[in-house]
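The structure under discussion appears below in the form of structure tokens.
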Amino acid sequence: SDVLRKLASALGASGVAAGAFGAHALKARLNSKPGAEANWKTAVSHQLFHATAILALSALSSASSGDVSKDKLVASGGDFAKAGKMMAVGSLLFSGSVYCLTLDIGPKKLLGPITPIGGLLMIGGWVVAGLSS
């Protein structure tokens, strides 16, 4: 799926940039706040890991489109695509909210609840991917 490939590429590139930014430009700021560096690294690692998973789901989605086995359609690739989209939105919400919370950007009352919603979407993406055929 082109959409998933582009989402994976954007998440991967921005994840590498966020990791480098945190390790260099933000190093002093992150070290001055207890737990901030660890939180930043968690957000980066989740973002990069899910970018890789989304790229794999893109390939699975494309490969399974129209496959026929035993006279029936195995999969349209839609379930893999759905899983990838869930992971992409989840990664954006989870990592994005952690980045903002770590840098004290935005309202904590709004961003705090967004983090677990993003996490649930990433988990849901894994479940959907696992149940896809």
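Residue numbering restarts at 1 for every chain of the structure tokens, chains are lettered A, B, ... in their displayed order, and ligands are numbered from 1 as they appear.
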TODO: Identify, on the basis of only C-alpha atoms, every residue whose closest approach to Ala18 of chain A does not exceed 9 Å; exclude the query and any residue fewer than 5 positions from it along the same chain; express the result as number ranges by chain.
DONE: A: 13, 23, 40, 44, 99
Mind dumping the selected residues with all heavy atoms as a PDB file, in the first residue's frame?
ATOM      1  N   ALA A  13      11.608   8.650   9.178  1.00  0.00           N
ATOM      2  CA  ALA A  13      12.494   9.811   9.020  1.00  0.00           C
ATOM      3  C   ALA A  13      12.370  10.768  10.204  1.00  0.00           C
ATOM      4  O   ALA A  13      13.380  11.233  10.754  1.00  0.00           O
ATOM      5  CB  ALA A  13      12.180  10.532   7.710  1.00  0.00           C
ATOM      6  N   ALA A  23      19.269  13.763  21.291  1.00  0.00           N
ATOM      7  CA  ALA A  23      20.626  13.413  21.725  1.00  0.00           C
ATOM      8  C   ALA A  23      21.599  14.581  21.643  1.00  0.00           C
ATOM      9  O   ALA A  23      22.621  14.583  22.321  1.00  0.00           O
ATOM     10  CB  ALA A  23      21.158  12.261  20.876  1.00  0.00           C
ATOM     11  N   TRP A  40      11.788  10.606  26.297  1.00  0.00           N
ATOM     12  CA  TRP A  40      12.083  10.950  24.903  1.00  0.00           C
ATOM     13  C   TRP A  40      12.535   9.700  24.150  1.00  0.00           C
ATOM     14  O   TRP A  40      12.076   9.425  23.044  1.00  0.00           O
ATOM     15  CB  TRP A  40      13.160  12.042  24.843  1.00  0.00           C
ATOM     16  CG  TRP A  40      13.325  12.622  23.480  1.00  0.00           C
ATOM     17  CD1 TRP A  40      14.141  12.174  22.486  1.00  0.00           C
ATOM     18  CD2 TRP A  40      12.641  13.749  22.936  1.00  0.00           C
ATOM     19  NE1 TRP A  40      14.022  12.956  21.377  1.00  0.00           N
ATOM     20  CE2 TRP A  40      13.100  13.934  21.625  1.00  0.00           C
ATOM     21  CE3 TRP A  40      11.687  14.628  23.457  1.00  0.00           C
ATOM     22  CZ2 TRP A  40      12.647  14.965  20.813  1.00  0.00           C
ATOM     23  CZ3 TRP A  40      11.234  15.657  22.649  1.00  0.00           C
ATOM     24  CH2 TRP A  40      11.705  15.817  21.336  1.00  0.00           C
ATOM     25  N   VAL A  44      10.818   7.866  20.888  1.00  0.00           N
ATOM     26  CA  VAL A  44      11.574   7.630  19.656  1.00  0.00           C
ATOM     27  C   VAL A  44      11.574   6.147  19.303  1.00  0.00           C
ATOM     28  O   VAL A  44      11.315   5.775  18.153  1.00  0.00           O
ATOM     29  CB  VAL A  44      13.022   8.165  19.774  1.00  0.00           C
ATOM     30  CG1 VAL A  44      13.891   7.687  18.615  1.00  0.00           C
ATOM     31  CG2 VAL A  44      13.032   9.687  19.835  1.00  0.00           C
ATOM     32  N   TYR A  99       6.507  13.587  23.282  1.00  0.00           N
ATOM     33  CA  TYR A  99       7.432  14.669  22.923  1.00  0.00           C
ATOM     34  C   TYR A  99       6.958  15.991  23.510  1.00  0.00           C
ATOM     35  O   TYR A  99       7.726  16.734  24.114  1.00  0.00           O
ATOM     36  CB  TYR A  99       7.558  14.817  21.398  1.00  0.00           C
ATOM     37  CG  TYR A  99       8.169  13.644  20.672  1.00  0.00           C
ATOM     38  CD1 TYR A  99       7.671  13.238  19.433  1.00  0.00           C
ATOM     39  CD2 TYR A  99       9.252  12.938  21.191  1.00  0.00           C
ATOM     40  CE1 TYR A  99       8.224  12.176  18.738  1.00  0.00           C
ATOM     41  CE2 TYR A  99       9.807  11.865  20.506  1.00  0.00           C
ATOM     42  CZ  TYR A  99       9.294  11.496  19.278  1.00  0.00           C
ATOM     43  OH  TYR A  99       9.845  10.440  18.595  1.00  0.00           O
TER      44      TYR A  99
END
TODO: Quick one: pick out all alpha helix (DSSP H) residues within segment 3-103 of chain A from a backbone DSSP run and write them as a PyMOL selection string.
DONE: chain A and resi 3-23+27-32+36-64+78-102
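Here the question is which of A:Leu92, A:Asp79, A:Ser45, A:Asn31 gets nearest to Val128 of chain A using only C-alpha atoms, and that residue is A:Asp79.
Shell of Gly78 of chain A at 9 Å, with only C-alpha atoms counted and residues fewer than 4 places along the chain excluded, is Ser61, Ser64, Ser65, Lys82, Ala83 and Ser132 of chain A.
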Write the residues of the selection above to a file with N, CA and C atoms, as an mmCIF file, in the first residue's frame.
data_model
loop_
_atom_site.group_PDB
_atom_site.id
_atom_site.type_symbol
_atom_site.label_atom_id
_atom_site.label_comp_id
_atom_site.auth_asym_id
_atom_site.auth_seq_id
_atom_site.Cartn_x
_atom_site.Cartn_y
_atom_site.Cartn_z
ATOM 1 N N SER A 61 0.116 -6.004 2.767
ATOM 2 C CA SER A 61 -1.129 -5.514 2.187
ATOM 3 C C SER A 61 -1.082 -5.602 0.670
ATOM 4 N N SER A 64 -0.953 -9.414 -0.495
ATOM 5 C CA SER A 64 -2.153 -10.224 -0.286
ATOM 6 C C SER A 64 -3.340 -9.744 -1.102
ATOM 7 N N SER A 65 -3.216 -8.607 -1.736
ATOM 8 C CA SER A 65 -4.334 -8.091 -2.537
ATOM 9 C C SER A 65 -4.624 -9.016 -3.713
ATOM 10 N N LYS A 82 -5.532 -1.752 7.511
ATOM 11 C CA LYS A 82 -6.189 -1.218 8.704
ATOM 12 C C LYS A 82 -5.247 -1.269 9.900
ATOM 13 N N ALA A 83 -4.545 -2.384 10.053
ATOM 14 C CA ALA A 83 -3.579 -2.530 11.152
ATOM 15 C C ALA A 83 -2.493 -1.468 11.053
ATOM 16 N N SER A 132 -5.230 -10.990 10.910
ATOM 17 C CA SER A 132 -5.396 -10.892 9.458
ATOM 18 C C SER A 132 -4.889 -12.162 8.801
#
Open item on the list: I need the strand (DSSP E) residues of segment 44-130 of chain A per DSSP on the backbone, written as a count of residues only.
Closed with: 7
TODO: Please indicate the distance in Å from atom CA of Ala38 of chain A to atom CA of Ala25 of chain A, rounded to one decimal place.
DONE: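 Computing it gives 15.7 Å between the two atoms.
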Open item on the list: Given only C-alpha atoms as the basis, pick out the residue of A:Thr102, A:Ala59, A:Met86, A:Val127 nearest to Asn39 of chain A.
Closed with: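 Under the stated criterion, the closest residue is A:Thr102.
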TODO: Would you mind listing what lies within 9 Å of segment 115-124 of chain A as an NGL selection string, with only C-alpha atoms counted and same-chain residues fewer than 4 positions away left out?
DONE: :A and (50 or 83-84 or 86-98 or 111 or 128-129)
How about saving the chosen residues, C-alpha atoms kept, as a PDB file, in the first residue's frame?
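As a result, selection-v7.pdb now contains:
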ATOM      1  CA  HIS A  50       6.187   0.984  14.521  1.00  0.00           C
ATOM      2  CA  ALA A  83      -3.579  -2.530  11.152  1.00  0.00           C
ATOM      3  CA  GLY A  84      -0.945  -0.251   9.653  1.00  0.00           C
ATOM      4  CA  MET A  86      -4.021   2.044  13.449  1.00  0.00           C
ATOM      5  CA  MET A  87      -0.317   1.795  14.238  1.00  0.00           C
ATOM      6  CA  ALA A  88       0.438   5.024  12.378  1.00  0.00           C
ATOM      7  CA  VAL A  89      -2.225   7.037  14.190  1.00  0.00           C
ATOM      8  CA  GLY A  90      -1.295   5.392  17.480  1.00  0.00           C
ATOM      9  CA  SER A  91       2.384   6.176  16.993  1.00  0.00           C
ATOM     10  CA  LEU A  92       1.619   9.778  16.125  1.00  0.00           C
ATOM     11  CA  LEU A  93      -0.589  10.200  19.203  1.00  0.00           C
ATOM     12  CA  PHE A  94       1.666   8.286  21.588  1.00  0.00           C
ATOM     13  CA  SER A  95       5.048   9.613  20.555  1.00  0.00           C
ATOM     14  CA  GLY A  96       3.757  13.068  19.684  1.00  0.00           C
ATOM     15  CA  SER A  97       2.133  13.531  23.078  1.00  0.00           C
ATOM     16  CA  VAL A  98       5.238  12.246  24.887  1.00  0.00           C
ATOM     17  CA  LEU A 111      -1.980  15.565  26.214  1.00  0.00           C
ATOM     18  CA  VAL A 128      -5.580  -6.704  13.857  1.00  0.00           C
ATOM     19  CA  ALA A 129      -2.325  -7.653  12.094  1.00  0.00           C
TER      20      ALA A 129
END
Open item on the list: Residues within 8 Å of Leu4 of chain A, please, as a list in words. Count only C-alpha atoms; anything in the same chain fewer than 6 positions from it doesn't count.
Closed with: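 Returned residues: Ile54, Leu55, Leu57, Ser58, Ala81, Gly84 and Lys85 of chain A.
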Store the residues of this selection in a file with N, CA, C and O atoms, as a PDB file, in the first residue's frame.
ATOM      1  N   ILE A  54       4.924  -0.876  10.173  1.00  0.00           N
ATOM      2  CA  ILE A  54       4.000  -0.345   9.159  1.00  0.00           C
ATOM      3  C   ILE A  54       4.537  -0.615   7.762  1.00  0.00           C
ATOM      4  O   ILE A  54       3.778  -0.939   6.841  1.00  0.00           O
ATOM      5  N   LEU A  55       5.850  -0.504   7.589  1.00  0.00           N
ATOM      6  CA  LEU A  55       6.458  -0.810   6.293  1.00  0.00           C
ATOM      7  C   LEU A  55       6.220  -2.277   5.927  1.00  0.00           C
ATOM      8  O   LEU A  55       5.875  -2.597   4.789  1.00  0.00           O
ATOM      9  N   LEU A  57       3.739  -4.137   7.045  1.00  0.00           N
ATOM     10  CA  LEU A  57       2.303  -4.282   6.773  1.00  0.00           C
ATOM     11  C   LEU A  57       1.947  -3.746   5.394  1.00  0.00           C
ATOM     12  O   LEU A  57       1.045  -4.267   4.729  1.00  0.00           O
ATOM     13  N   SER A  58       2.664  -2.731   4.941  1.00  0.00           N
ATOM     14  CA  SER A  58       2.465  -2.218   3.588  1.00  0.00           C
ATOM     15  C   SER A  58       2.767  -3.299   2.562  1.00  0.00           C
ATOM     16  O   SER A  58       2.006  -3.514   1.616  1.00  0.00           O
ATOM     17  N   ALA A  81      -3.803  -3.288   5.953  1.00  0.00           N
ATOM     18  CA  ALA A  81      -3.808  -1.829   5.804  1.00  0.00           C
ATOM     19  C   ALA A  81      -4.443  -1.164   7.024  1.00  0.00           C
ATOM     20  O   ALA A  81      -3.943  -0.152   7.520  1.00  0.00           O
ATOM     21  N   GLY A  84      -1.981  -1.254   9.855  1.00  0.00           N
ATOM     22  CA  GLY A  84      -0.945  -0.251   9.653  1.00  0.00           C
ATOM     23  C   GLY A  84      -1.418   1.156   9.951  1.00  0.00           C
ATOM     24  O   GLY A  84      -0.696   1.955  10.559  1.00  0.00           O
ATOM     25  N   LYS A  85      -2.623   1.461   9.548  1.00  0.00           N
ATOM     26  CA  LYS A  85      -3.175   2.797   9.812  1.00  0.00           C
ATOM     27  C   LYS A  85      -3.403   3.000  11.304  1.00  0.00           C
ATOM     28  O   LYS A  85      -3.162   4.086  11.841  1.00  0.00           O
TER      29      LYS A  85
END
For Ala51 of chain A, list every protein, DNA or RNA residue within 9 Å, evaluated using only C-alpha atoms, and leave out those in the same chain fewer than 6 positions away; present the list as a PDB file with C-alpha atoms, in the first residue's frame.
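Saved to result-v3.pdb:
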ATOM      1  CA  LEU A   7       3.339   6.850   6.486  1.00  0.00           C
ATOM      2  CA  ALA A   8       6.133   4.462   7.467  1.00  0.00           C
ATOM      3  CA  SER A   9       8.704   6.603   5.680  1.00  0.00           C
ATOM      4  CA  ALA A  10       7.482   9.796   7.342  1.00  0.00           C
ATOM      5  CA  LEU A  11       7.417   8.188  10.801  1.00  0.00           C
ATOM      6  CA  GLY A  12      10.838   6.625  10.247  1.00  0.00           C
ATOM      7  CA  GLY A  15      11.812   9.349  14.350  1.00  0.00           C
ATOM      8  CA  MET A  87      -0.317   1.795  14.238  1.00  0.00           C
ATOM      9  CA  ALA A  88       0.438   5.024  12.378  1.00  0.00           C
ATOM     10  CA  SER A  91       2.384   6.176  16.993  1.00  0.00           C
TER      11      SER A  91
END
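Put simply, atom CA of Ile114 of chain A is 28.9 Å away from atom CA of Leu60 of chain A.
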